[in-house]
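Colleague: Handing you a structure now.
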Amino acid sequence: MTADLIRVTREGDRTRIVVDGPEIPASAIERGSVHLPVDPGAVPSVTLTLLASTVDVLNTLKGAPRWLF
């Protein structure tokens with residue numbers, strides 16, 4: 001499944017990222033972690049690191065391989 005639209009806006013030393021409408025809070029994006037590969041033959045993508053005080057992982061997949069978690 002892919003997003004309909006990812007918009008990356010660079011404003012000086014700040015990067016804004018919007019995914020299908022909602023903006024990812026700037027404080028959640030690790031500085032220097034946003035990478036935008038430019039390859040005309042590849043699916044457009046953005047790689048970034050998100051930071052949080054707490055990360056909850058909910059496993060709703062029954063029988064998921066242990067290496068996934």
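Lettering and numbering for the structure tokens are positional, with chains as A, B, ... in the shown order, residues counted from 1 in each chain, and ligands counted from 1 in the shown order.
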Which residues in chain A does DSSP call strand (DSSP E or B)? List them as an MDAnalysis selection string.
Modeller: chainID A and resid 6:11 14:19 23:24 29 35 47 50
Colleague: May I have the residues from that selection written out with N, CA and C atoms, as a compact mmCIF listing (two decimals), in the first residue's frame?
Modeller:
# COMPACT_ATOMS: atom_id res chain seq x y z
N ILE A 6 3.11 12.28 -0.73
CA ILE A 6 4.07 12.68 0.29
C ILE A 6 4.69 13.98 -0.20
N ARG A 7 4.57 15.03 0.61
CA ARG A 7 5.14 16.33 0.23
C ARG A 7 6.26 16.67 1.21
N VAL A 8 7.46 16.89 0.67
CA VAL A 8 8.62 17.28 1.48
C VAL A 8 8.96 18.72 1.11
N THR A 9 8.96 19.60 2.12
CA THR A 9 9.27 21.01 1.90
C THR A 9 10.46 21.37 2.77
N ARG A 10 11.51 21.85 2.15
CA ARG A 10 12.68 22.30 2.90
C ARG A 10 12.59 23.80 3.09
N GLU A 11 12.68 24.21 4.36
CA GLU A 11 12.61 25.63 4.71
C GLU A 11 13.84 25.96 5.53
N ARG A 14 15.01 23.48 8.29
CA ARG A 14 13.82 22.73 8.72
C ARG A 14 13.21 21.99 7.54
N THR A 15 12.71 20.80 7.80
CA THR A 15 12.04 20.01 6.77
C THR A 15 10.62 19.71 7.23
N ARG A 16 9.65 20.01 6.38
CA ARG A 16 8.25 19.67 6.65
C ARG A 16 7.87 18.48 5.80
N ILE A 17 7.21 17.48 6.40
CA ILE A 17 6.78 16.30 5.66
C ILE A 17 5.29 16.10 5.92
N VAL A 18 4.53 16.05 4.83
CA VAL A 18 3.09 15.84 4.89
C VAL A 18 2.80 14.54 4.16
N VAL A 19 2.02 13.66 4.80
CA VAL A 19 1.65 12.38 4.19
C VAL A 19 0.12 12.31 4.12
N GLU A 23 0.54 16.59 8.70
CA GLU A 23 1.98 16.85 8.75
C GLU A 23 2.60 16.06 9.90
N ILE A 24 3.77 15.47 9.65
CA ILE A 24 4.53 14.82 10.71
C ILE A 24 5.18 15.93 11.53
N ILE A 29 11.00 14.28 13.78
CA ILE A 29 11.91 13.91 12.70
C ILE A 29 13.35 14.17 13.14
N HIS A 35 16.09 11.36 3.72
CA HIS A 35 16.80 11.03 2.48
C HIS A 35 15.80 10.85 1.36
N THR A 47 12.99 8.28 3.03
CA THR A 47 13.45 7.52 4.19
C THR A 47 13.77 8.52 5.29
N LEU A 50 12.09 8.61 12.81
CA LEU A 50 11.15 9.29 13.69
C LEU A 50 11.55 9.04 15.14
Colleague: Between A:Gly21, A:Thr60, A:Leu5, A:Val46, single out the one closest to Val34 of chain A, counting only C-alpha atoms.
Modeller: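 The closest residue to Val34 of chain A is A:Val46.
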Colleague: Using DSSP on the backbone coordinates, identify all residues within chain A classified as helix (DSSP H, G or I); present the result as a VMD selection string.
Modeller: chain A and resid 26 to 28 66 to 68
Colleague: With C-alpha atoms retained, export the selected residues as a CSV table (one decimal), in the first residue's frame.
Modeller:
chain,number,residue,atom,x,y,z
A,26,ALA,CA,9.0,18.5,13.0
A,27,SER,CA,10.1,17.5,16.6
A,28,ALA,CA,9.5,13.9,15.7
A,66,ARG,CA,9.6,-14.0,15.6
A,67,TRP,CA,12.3,-12.1,13.6
A,68,LEU,CA,9.7,-9.4,12.8
Colleague: Quote the spacing between atom CA of Thr2 of chain A and atom CA of Leu48 of chain A in Å to one decimal place.
Modeller: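 Between atom CA of Thr2 of chain A and atom CA of Leu48 of chain A the gap works out to 16.0 Å.
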Colleague: Tell me, in Å to one decimal, how far atom CA of Ser33 of chain A is from atom CA of Ala52 of chain A.
Modeller: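 Those two atoms sit 14.4 Å apart.
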